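Peer 1: One structure is given below, represented as structure tokens, and several questions about it will come after.
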Amino acid sequence: MSFFNKMLASVGIGSAKVDTKLDSDTVVPGGEIRGVVEIQGGNVEQRIDDIYLTLNTTYIKEADDKKYTVPAQIDRFRLTESFVLMANERKVIPFSFILAPDTPLSIGKTKVWIATGLDIKNAVDPTDKDYLQVVPNQIMDSVLKAINGLGFRLREADCEQAPHRLRRRLPFIQEFEFVPVSGPFRGRLDEVEITFFPVSAYDIEILMQVDRKVRGLSSLFSEALNMDESNLRFTVNQGDIPHMQQKIQSIIQSYS
């Protein structure tokens, strides 16, 4: 009977189960995630070689003129050393970790989740998946509200493969694409795109692309050559929050 149970456990039947419970599924980039991993032993004892948490998302990658959605691992955390889990034994392992500052926000099509895995030799590794709601931190929120306050509407937010010049720790960047539907830039701009690059807990570098609206034949040629676009970089911090909208408006105004 024991041998039969071990055979079943090796293919995942009657094997250990894992369930991760988060204190909260809402977090800001650079914030702390806390929770517990609950492990329930199966019908036989099993050696758990590793318990790990991975932070994951997906991004759009282009190859051979085609676009693909591919997975990306943002971070990985090992929780325990190897141990033996007895039959029907229950273990609760608390954890906490800091979410990477460059974790993308859960906006648009972007999803972020924690995957929990048990590494069990000669067996199917049990896994669990928990989605996070990654919301803007105070500075990011101020920037997004400022752009919205200037009459822009968010059209799209996607994680895309980073061009070589913009690649940092991760192979992708998250782009936010806005279109002016009211306010001072309606009729003057086609769109504005921004990408956040956290520098520290208090400073964020912003890459902004301002796409001017085509007017006349010369502008058509400019658009064909991408000369109607301006790419700029600037840094914002907590001190900018009280007057963020004025700052963003001034920057866009200079290039529109």
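Naming scheme: A, B, ... for chains in displayed order of the structure tokens; residues 1 onward per chain; ligands 1 onward as shown.
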Would you write out, as CSV, a table of all residues in range 79-141 of chain A that have an atom no more than 12 Å from an atom of range 243-254 of chain A, listing for each the closest atom pair and the distance in Å to one decimal, considering only C-alpha atoms and ordering rows by chain and rising residue number?

Peer 2:
residue,atom,partner,partner_atom,distance
A:Gln138,CA,A:Met244,CA,11.6
A:Ile139,CA,A:Met244,CA,9.1
A:Met140,CA,A:Met244,CA,10.4
A:Asp141,CA,A:Met244,CA,10.3

Peer 1: How close does range 40-61 of chain A get to range 145-160 of chain A? List, as a Markdown table, each residue of range 40-61 of chain A within 9 Å, its nearest atom pair and the distance in Å to one decimal, counting only C-alpha atoms.

Peer 2:
| residue | atom | partner | partner_atom | distance |
| --- | --- | --- | --- | --- |
| A:Thr57 | CA | A:Cys159 | CA | 8.8 |
| A:Thr58 | CA | A:Cys159 | CA | 7.2 |
| A:Tyr59 | CA | A:Cys159 | CA | 4.7 |
| A:Ile60 | CA | A:Glu160 | CA | 4.6 |
| A:Lys61 | CA | A:Glu160 | CA | 6.3 |

Peer 1: Mind writing the picked residues with C-alpha atoms as a short mmCIF file (atom, residue, chain, number, x, y, z; two decimals), in the first residue's frame?

Peer 2:
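To be explicit, this is the file written out as out-v7.cif:
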data_model
loop_
_atom_site.label_atom_id
_atom_site.label_comp_id
_atom_site.auth_asym_id
_atom_site.auth_seq_id
_atom_site.Cartn_x
_atom_site.Cartn_y
_atom_site.Cartn_z
CA THR A 57 4.13 39.11 -15.45
CA THR A 58 3.94 38.94 -19.24
CA TYR A 59 5.14 41.30 -21.95
CA ILE A 60 4.86 41.71 -25.70
CA LYS A 61 7.89 40.63 -27.71
#

Peer 1: When distances are computed from only C-alpha atoms, which of A:Asp19, A:Ile74, A:Gln133, A:Gly108 shows the smallest separation from Lys91 in chain A?

Peer 2: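 Smallest separation from Lys91 in chain A among the options: A:Asp19.
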
Peer 1: If we count only C-alpha atoms and set the cut-off at 8 Å, which residues sit around range 203-210 of chain A, ignoring sequence neighbours fewer than 6 positions away in its own chain? Please answer as an MDAnalysis selection string.

Peer 2: chainID A and resid 139 189 191:197 229:238 252 255:256

Peer 1: Store the residues picked out above, limited to N, CA, C and O atoms, as a PDB file, in the first residue's frame.

Peer 2:
ATOM      1  N   ILE A 139       4.258  59.092  -5.898  1.00  0.00           N
ATOM      2  CA  ILE A 139       4.792  59.931  -6.983  1.00  0.00           C
ATOM      3  C   ILE A 139       4.159  59.548  -8.316  1.00  0.00           C
ATOM      4  O   ILE A 139       3.733  60.411  -9.095  1.00  0.00           O
ATOM      5  N   LEU A 189      -1.827  67.784 -30.043  1.00  0.00           N
ATOM      6  CA  LEU A 189      -1.012  66.572 -29.923  1.00  0.00           C
ATOM      7  C   LEU A 189      -1.822  65.353 -30.340  1.00  0.00           C
ATOM      8  O   LEU A 189      -3.046  65.319 -30.160  1.00  0.00           O
ATOM      9  N   GLU A 191      -0.664  62.166 -29.228  1.00  0.00           N
ATOM     10  CA  GLU A 191      -0.578  61.332 -28.033  1.00  0.00           C
ATOM     11  C   GLU A 191       0.663  61.690 -27.230  1.00  0.00           C
ATOM     12  O   GLU A 191       1.586  62.358 -27.722  1.00  0.00           O
ATOM     13  N   VAL A 192       0.658  61.213 -26.003  1.00  0.00           N
ATOM     14  CA  VAL A 192       1.831  61.306 -25.123  1.00  0.00           C
ATOM     15  C   VAL A 192       2.039  59.934 -24.499  1.00  0.00           C
ATOM     16  O   VAL A 192       1.085  59.310 -24.030  1.00  0.00           O
ATOM     17  N   GLU A 193       3.278  59.445 -24.546  1.00  0.00           N
ATOM     18  CA  GLU A 193       3.606  58.164 -23.920  1.00  0.00           C
ATOM     19  C   GLU A 193       4.603  58.402 -22.800  1.00  0.00           C
ATOM     20  O   GLU A 193       5.539  59.199 -22.950  1.00  0.00           O
ATOM     21  N   ILE A 194       4.414  57.696 -21.690  1.00  0.00           N
ATOM     22  CA  ILE A 194       5.383  57.807 -20.590  1.00  0.00           C
ATOM     23  C   ILE A 194       5.788  56.415 -20.092  1.00  0.00           C
ATOM     24  O   ILE A 194       5.024  55.455 -20.200  1.00  0.00           O
ATOM     25  N   THR A 195       6.991  56.361 -19.583  1.00  0.00           N
ATOM     26  CA  THR A 195       7.516  55.158 -18.930  1.00  0.00           C
ATOM     27  C   THR A 195       8.197  55.586 -17.639  1.00  0.00           C
ATOM     28  O   THR A 195       8.951  56.573 -17.625  1.00  0.00           O
ATOM     29  N   PHE A 196       7.909  54.871 -16.559  1.00  0.00           N
ATOM     30  CA  PHE A 196       8.533  55.161 -15.262  1.00  0.00           C
ATOM     31  C   PHE A 196       9.814  54.343 -15.091  1.00  0.00           C
ATOM     32  O   PHE A 196       9.816  53.137 -15.335  1.00  0.00           O
ATOM     33  N   PHE A 197      10.883  55.027 -14.647  1.00  0.00           N
ATOM     34  CA  PHE A 197      12.123  54.340 -14.276  1.00  0.00           C
ATOM     35  C   PHE A 197      12.480  54.763 -12.850  1.00  0.00           C
ATOM     36  O   PHE A 197      13.068  55.833 -12.651  1.00  0.00           O
ATOM     37  N   GLU A 229       7.924  63.593 -33.407  1.00  0.00           N
ATOM     38  CA  GLU A 229       8.005  63.062 -32.050  1.00  0.00           C
ATOM     39  C   GLU A 229       9.199  63.652 -31.315  1.00  0.00           C
ATOM     40  O   GLU A 229      10.279  63.792 -31.887  1.00  0.00           O
ATOM     41  N   SER A 230       8.990  63.979 -30.064  1.00  0.00           N
ATOM     42  CA  SER A 230      10.081  64.437 -29.202  1.00  0.00           C
ATOM     43  C   SER A 230      10.201  63.474 -28.031  1.00  0.00           C
ATOM     44  O   SER A 230       9.200  63.128 -27.399  1.00  0.00           O
ATOM     45  N   ASN A 231      11.416  63.033 -27.770  1.00  0.00           N
ATOM     46  CA  ASN A 231      11.683  62.139 -26.638  1.00  0.00           C
ATOM     47  C   ASN A 231      12.437  62.913 -25.574  1.00  0.00           C
ATOM     48  O   ASN A 231      13.477  63.513 -25.864  1.00  0.00           O
ATOM     49  N   LEU A 232      11.902  62.923 -24.371  1.00  0.00           N
ATOM     50  CA  LEU A 232      12.545  63.672 -23.305  1.00  0.00           C
ATOM     51  C   LEU A 232      12.593  62.870 -22.022  1.00  0.00           C
ATOM     52  O   LEU A 232      11.792  61.960 -21.806  1.00  0.00           O
ATOM     53  N   ARG A 233      13.546  63.211 -21.190  1.00  0.00           N
ATOM     54  CA  ARG A 233      13.715  62.578 -19.886  1.00  0.00           C
ATOM     55  C   ARG A 233      13.719  63.663 -18.819  1.00  0.00           C
ATOM     56  O   ARG A 233      14.318  64.719 -19.003  1.00  0.00           O
ATOM     57  N   PHE A 234      13.075  63.370 -17.734  1.00  0.00           N
ATOM     58  CA  PHE A 234      13.122  64.273 -16.589  1.00  0.00           C
ATOM     59  C   PHE A 234      12.849  63.465 -15.330  1.00  0.00           C
ATOM     60  O   PHE A 234      12.345  62.345 -15.388  1.00  0.00           O
ATOM     61  N   THR A 235      13.189  64.036 -14.199  1.00  0.00           N
ATOM     62  CA  THR A 235      13.032  63.348 -12.917  1.00  0.00           C
ATOM     63  C   THR A 235      12.021  64.093 -12.048  1.00  0.00           C
ATOM     64  O   THR A 235      12.003  65.331 -12.019  1.00  0.00           O
ATOM     65  N   VAL A 236      11.182  63.313 -11.391  1.00  0.00           N
ATOM     66  CA  VAL A 236      10.231  63.898 -10.433  1.00  0.00           C
ATOM     67  C   VAL A 236      10.456  63.255  -9.069  1.00  0.00           C
ATOM     68  O   VAL A 236      10.953  62.125  -8.973  1.00  0.00           O
ATOM     69  N   ASN A 237      10.095  63.994  -8.031  1.00  0.00           N
ATOM     70  CA  ASN A 237      10.242  63.472  -6.671  1.00  0.00           C
ATOM     71  C   ASN A 237       9.067  63.933  -5.824  1.00  0.00           C
ATOM     72  O   ASN A 237       8.153  64.601  -6.310  1.00  0.00           O
ATOM     73  N   GLN A 238       9.111  63.576  -4.556  1.00  0.00           N
ATOM     74  CA  GLN A 238       7.989  63.902  -3.670  1.00  0.00           C
ATOM     75  C   GLN A 238       7.768  65.404  -3.543  1.00  0.00           C
ATOM     76  O   GLN A 238       6.641  65.866  -3.366  1.00  0.00           O
ATOM     77  N   ILE A 252       5.432  69.466 -21.326  1.00  0.00           N
ATOM     78  CA  ILE A 252       4.752  69.123 -22.588  1.00  0.00           C
ATOM     79  C   ILE A 252       4.653  70.360 -23.485  1.00  0.00           C
ATOM     80  O   ILE A 252       4.857  70.291 -24.697  1.00  0.00           O
ATOM     81  N   TYR A 255       7.464  71.196 -25.855  1.00  0.00           N
ATOM     82  CA  TYR A 255       7.739  70.319 -26.995  1.00  0.00           C
ATOM     83  C   TYR A 255       6.507  70.121 -27.873  1.00  0.00           C
ATOM     84  O   TYR A 255       6.438  69.185 -28.663  1.00  0.00           O
ATOM     85  N   SER A 256       5.512  70.994 -27.715  1.00  0.00           N
ATOM     86  CA  SER A 256       4.301  70.838 -28.524  1.00  0.00           C
ATOM     87  C   SER A 256       4.003  72.108 -29.320  1.00  0.00           C
ATOM     88  O   SER A 256       3.010  72.201 -29.985  1.00  0.00           O
TER      89      SER A 256
END

Peer 1: As JSON, numbers by chain, list the residues of range 103-227 of chain A assigned to helix (DSSP H, G or I) by DSSP on the backbone atoms of this structure.

Peer 2: {"A": [138, 139, 140, 141, 142, 143, 144, 145, 146, 147, 148, 149, 164, 165, 166, 216, 217, 218, 219, 220, 221, 222, 223, 224]}

Peer 1: What's the 8 Å shell around Pro104 in chain A, counting only C-alpha atoms, without same-chain residues fewer than 2 positions away, as a PyMOL selection string?

Peer 2: chain A and resi 29+102+106+110+112+134+159+174

Peer 1: Would you save the residues from that selection as a PDB file, in the first residue's frame, using N, CA and C atoms?

Peer 2:
ATOM      1  N   PRO A  29       4.788  49.466  -5.966  1.00  0.00           N
ATOM      2  CA  PRO A  29       6.179  49.105  -6.250  1.00  0.00           C
ATOM      3  C   PRO A  29       7.085  49.594  -5.122  1.00  0.00           C
ATOM      4  N   ASP A 102      10.754  48.314  -9.819  1.00  0.00           N
ATOM      5  CA  ASP A 102      10.429  48.335 -11.246  1.00  0.00           C
ATOM      6  C   ASP A 102       9.324  47.349 -11.611  1.00  0.00           C
ATOM      7  N   SER A 106      -0.604  47.145 -12.233  1.00  0.00           N
ATOM      8  CA  SER A 106      -1.718  46.326 -12.729  1.00  0.00           C
ATOM      9  C   SER A 106      -2.740  47.235 -13.416  1.00  0.00           C
ATOM     10  N   THR A 110      -1.951  44.524 -18.209  1.00  0.00           N
ATOM     11  CA  THR A 110      -0.845  44.007 -17.393  1.00  0.00           C
ATOM     12  C   THR A 110      -1.355  43.302 -16.140  1.00  0.00           C
ATOM     13  N   VAL A 112       0.064  40.929 -12.750  1.00  0.00           N
ATOM     14  CA  VAL A 112       1.230  40.542 -11.950  1.00  0.00           C
ATOM     15  C   VAL A 112       0.767  39.509 -10.941  1.00  0.00           C
ATOM     16  N   VAL A 134      -1.081  45.705  -8.218  1.00  0.00           N
ATOM     17  CA  VAL A 134       0.039  46.632  -8.032  1.00  0.00           C
ATOM     18  C   VAL A 134      -0.442  48.023  -8.436  1.00  0.00           C
ATOM     19  N   CYS A 159       3.126  46.188 -21.213  1.00  0.00           N
ATOM     20  CA  CYS A 159       4.537  45.879 -21.038  1.00  0.00           C
ATOM     21  C   CYS A 159       5.066  45.380 -22.382  1.00  0.00           C
ATOM     22  N   GLN A 174       7.192  49.194 -19.168  1.00  0.00           N
ATOM     23  CA  GLN A 174       5.751  49.410 -19.204  1.00  0.00           C
ATOM     24  C   GLN A 174       5.480  50.804 -19.756  1.00  0.00           C
TER      25      GLN A 174
END

Peer 1: Using Å and a single decimal, report how far CA of Ser142 in chain A sits from CA of Gly187 in chain A.

Peer 2: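 So the two atoms, CA of Gly187 in chain A and CA of Ser142 in chain A, lie 24.5 Å apart.
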
Peer 1: Please, what distance in Å, to one decimal, runs between CA of Ile241 in chain A and CA of Phe178 in chain A?

Peer 2: 20.1 Å

Peer 1: Could you give me, as a JSON list (two decimals) with C-alpha atoms, in the first residue's frame, each residue of range 2-246 of chain A that DSSP assigns to strand (DSSP E or B) when run on this structure's backbone?

Peer 2:
[["chain", "number", "residue", "atom", "x", "y", "z"],
["A", 17, "LYS", "CA", -0.53, 20.59, -1.60],
["A", 18, "VAL", "CA", 0.46, 24.24, -1.29],
["A", 19, "ASP", "CA", -1.64, 27.36, -0.72],
["A", 20, "THR", "CA", -0.29, 30.89, -0.33],
["A", 21, "LYS", "CA", -2.36, 33.41, 1.63],
["A", 22, "LEU", "CA", -1.47, 37.09, 1.38],
["A", 26, "THR", "CA", -2.77, 45.35, -3.01],
["A", 27, "VAL", "CA", 0.75, 46.80, -2.99],
["A", 32, "GLU", "CA", 6.16, 45.06, 1.34],
["A", 33, "ILE", "CA", 4.25, 41.84, 0.72],
["A", 34, "ARG", "CA", 3.44, 39.63, 3.71],
["A", 35, "GLY", "CA", 1.69, 36.31, 3.99],
["A", 36, "VAL", "CA", 2.00, 32.62, 4.78],
["A", 37, "VAL", "CA", 2.54, 29.51, 2.72],
["A", 38, "GLU", "CA", 0.40, 26.60, 3.95],
["A", 39, "ILE", "CA", 1.63, 23.13, 3.03],
["A", 40, "GLN", "CA", -0.57, 20.08, 3.53],
["A", 46, "GLN", "CA", 7.95, 13.51, 0.94],
["A", 47, "ARG", "CA", 11.21, 15.45, 0.93],
["A", 48, "ILE", "CA", 10.66, 19.10, 0.02],
["A", 49, "ASP", "CA", 13.90, 20.27, -1.55],
["A", 50, "ASP", "CA", 12.81, 23.88, -1.95],
["A", 51, "ILE", "CA", 9.92, 26.27, -1.41],
["A", 52, "TYR", "CA", 10.07, 29.35, -3.59],
["A", 53, "LEU", "CA", 7.99, 32.35, -4.55],
["A", 54, "THR", "CA", 8.33, 33.96, -7.96],
["A", 55, "LEU", "CA", 6.94, 37.31, -9.01],
["A", 56, "ASN", "CA", 5.73, 37.19, -12.61],
["A", 57, "THR", "CA", 4.13, 39.11, -15.45],
["A", 58, "THR", "CA", 3.94, 38.94, -19.24],
["A", 59, "TYR", "CA", 5.14, 41.30, -21.95],
["A", 60, "ILE", "CA", 4.86, 41.71, -25.70],
["A", 61, "LYS", "CA", 7.89, 40.63, -27.71],
["A", 62, "GLU", "CA", 8.36, 41.17, -31.42],
["A", 63, "ALA", "CA", 10.20, 38.73, -33.68],
["A", 66, "LYS", "CA", 5.11, 39.17, -35.36],
["A", 67, "LYS", "CA", 4.15, 40.01, -31.80],
["A", 68, "TYR", "CA", 4.07, 37.41, -29.04],
["A", 69, "THR", "CA", 3.05, 37.52, -25.39],
["A", 70, "VAL", "CA", 5.80, 35.91, -23.31],
["A", 71, "PRO", "CA", 6.21, 35.35, -19.55],
["A", 72, "ALA", "CA", 8.76, 37.24, -17.48],
["A", 73, "GLN", "CA", 10.06, 36.59, -13.98],
["A", 74, "ILE", "CA", 10.48, 39.81, -12.03],
["A", 75, "ASP", "CA", 11.92, 38.27, -8.86],
["A", 76, "ARG", "CA", 12.41, 34.97, -7.01],
["A", 77, "PHE", "CA", 12.57, 34.25, -3.27],
["A", 78, "ARG", "CA", 13.60, 31.01, -1.57],
["A", 83, "PHE", "CA", 13.01, 19.23, 4.89],
["A", 84, "VAL", "CA", 10.81, 16.13, 5.15],
["A", 85, "LEU", "CA", 7.04, 16.62, 5.16],
["A", 90, "ARG", "CA", 0.51, 20.62, 7.95],
["A", 91, "LYS", "CA", 3.14, 23.36, 7.92],
["A", 92, "VAL", "CA", 2.64, 27.12, 7.90],
["A", 93, "ILE", "CA", 5.60, 29.21, 6.75],
["A", 94, "PRO", "CA", 5.36, 33.01, 7.14],
["A", 95, "PHE", "CA", 7.15, 35.25, 4.64],
["A", 96, "SER", "CA", 7.68, 38.88, 3.74],
["A", 97, "PHE", "CA", 9.55, 40.52, 0.90],
["A", 98, "ILE", "CA", 9.88, 43.91, -0.76],
["A", 112, "VAL", "CA", 1.23, 40.54, -11.95],
["A", 113, "TRP", "CA", 1.12, 37.40, -9.85],
["A", 114, "ILE", "CA", 3.01, 35.39, -7.25],
["A", 115, "ALA", "CA", 3.62, 31.74, -8.07],
["A", 116, "THR", "CA", 4.44, 29.41, -5.17],
["A", 117, "GLY", "CA", 6.24, 26.18, -5.88],
["A", 118, "LEU", "CA", 7.36, 23.14, -3.92],
["A", 119, "ASP", "CA", 10.37, 21.38, -5.38],
["A", 120, "ILE", "CA", 9.82, 17.67, -4.74],
["A", 127, "THR", "CA", 2.15, 25.10, -7.43],
["A", 128, "ASP", "CA", -0.17, 27.94, -6.47],
["A", 129, "LYS", "CA", -0.88, 31.26, -8.22],
["A", 130, "ASP", "CA", -2.03, 34.49, -6.55],
["A", 131, "TYR", "CA", -2.67, 37.72, -8.44],
["A", 132, "LEU", "CA", -1.51, 41.07, -7.05],
["A", 133, "GLN", "CA", -3.05, 44.47, -7.53],
["A", 134, "VAL", "CA", 0.04, 46.63, -8.03],
["A", 152, "PHE", "CA", -5.53, 63.27, -21.40],
["A", 153, "ARG", "CA", -7.21, 59.86, -21.31],
["A", 154, "LEU", "CA", -5.28, 56.62, -20.89],
["A", 155, "ARG", "CA", -5.67, 54.69, -24.14],
["A", 156, "GLU", "CA", -3.35, 51.79, -23.49],
["A", 157, "ALA", "CA", -0.91, 50.44, -20.91],
["A", 158, "ASP", "CA", 1.28, 47.54, -21.95],
["A", 159, "CYS", "CA", 4.54, 45.88, -21.04],
["A", 160, "GLU", "CA", 6.68, 45.66, -24.16],
["A", 161, "GLN", "CA", 10.14, 44.38, -24.96],
["A", 172, "PHE", "CA", 10.64, 44.91, -20.80],
["A", 173, "ILE", "CA", 9.31, 48.36, -20.01],
["A", 174, "GLN", "CA", 5.75, 49.41, -19.20],
["A", 175, "GLU", "CA", 4.41, 52.13, -21.50],
["A", 176, "PHE", "CA", 1.39, 54.32, -20.77],
["A", 177, "GLU", "CA", -0.19, 55.85, -23.86],
["A", 178, "PHE", "CA", -2.43, 58.91, -23.44],
["A", 179, "VAL", "CA", -4.55, 60.83, -25.94],
["A", 180, "PRO", "CA", -5.78, 64.40, -25.40],
["A", 189, "LEU", "CA", -1.01, 66.57, -29.92],
["A", 190, "ASP", "CA", -1.77, 63.07, -31.17],
["A", 191, "GLU", "CA", -0.58, 61.33, -28.03],
["A", 192, "VAL", "CA", 1.83, 61.31, -25.12],
["A", 193, "GLU", "CA", 3.61, 58.16, -23.92],
["A", 194, "ILE", "CA", 5.38, 57.81, -20.59],
["A", 195, "THR", "CA", 7.52, 55.16, -18.93],
["A", 196, "PHE", "CA", 8.53, 55.16, -15.26],
["A", 197, "PHE", "CA", 12.12, 54.34, -14.28],
["A", 198, "PRO", "CA", 12.44, 54.33, -10.46],
["A", 203, "ASP", "CA", 12.88, 59.85, -7.21],
["A", 204, "ILE", "CA", 11.46, 58.55, -10.49],
["A", 205, "GLU", "CA", 12.93, 59.21, -13.91],
["A", 206, "ILE", "CA", 10.29, 59.58, -16.62],
["A", 207, "LEU", "CA", 10.82, 58.95, -20.29],
["A", 208, "MET", "CA", 8.16, 60.88, -22.22],
["A", 209, "GLN", "CA", 7.40, 60.85, -25.93],
["A", 210, "VAL", "CA", 5.35, 63.76, -27.22],
["A", 211, "ASP", "CA", 3.71, 63.12, -30.59],
["A", 212, "ARG", "CA", 2.63, 66.36, -32.27],
["A", 229, "GLU", "CA", 8.01, 63.06, -32.05],
["A", 230, "SER", "CA", 10.08, 64.44, -29.20],
["A", 231, "ASN", "CA", 11.68, 62.14, -26.64],
["A", 232, "LEU", "CA", 12.54, 63.67, -23.30],
["A", 233, "ARG", "CA", 13.72, 62.58, -19.89],
["A", 234, "PHE", "CA", 13.12, 64.27, -16.59],
["A", 235, "THR", "CA", 13.03, 63.35, -12.92],
["A", 236, "VAL", "CA", 10.23, 63.90, -10.43],
["A", 237, "ASN", "CA", 10.24, 63.47, -6.67]]

Peer 1: CA of Asp25 in chain A and CA of Leu105 in chain A are how many Å apart?

Peer 2: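 Going from CA of Asp25 in chain A over to CA of Leu105 in chain A covers 12.9 Å.
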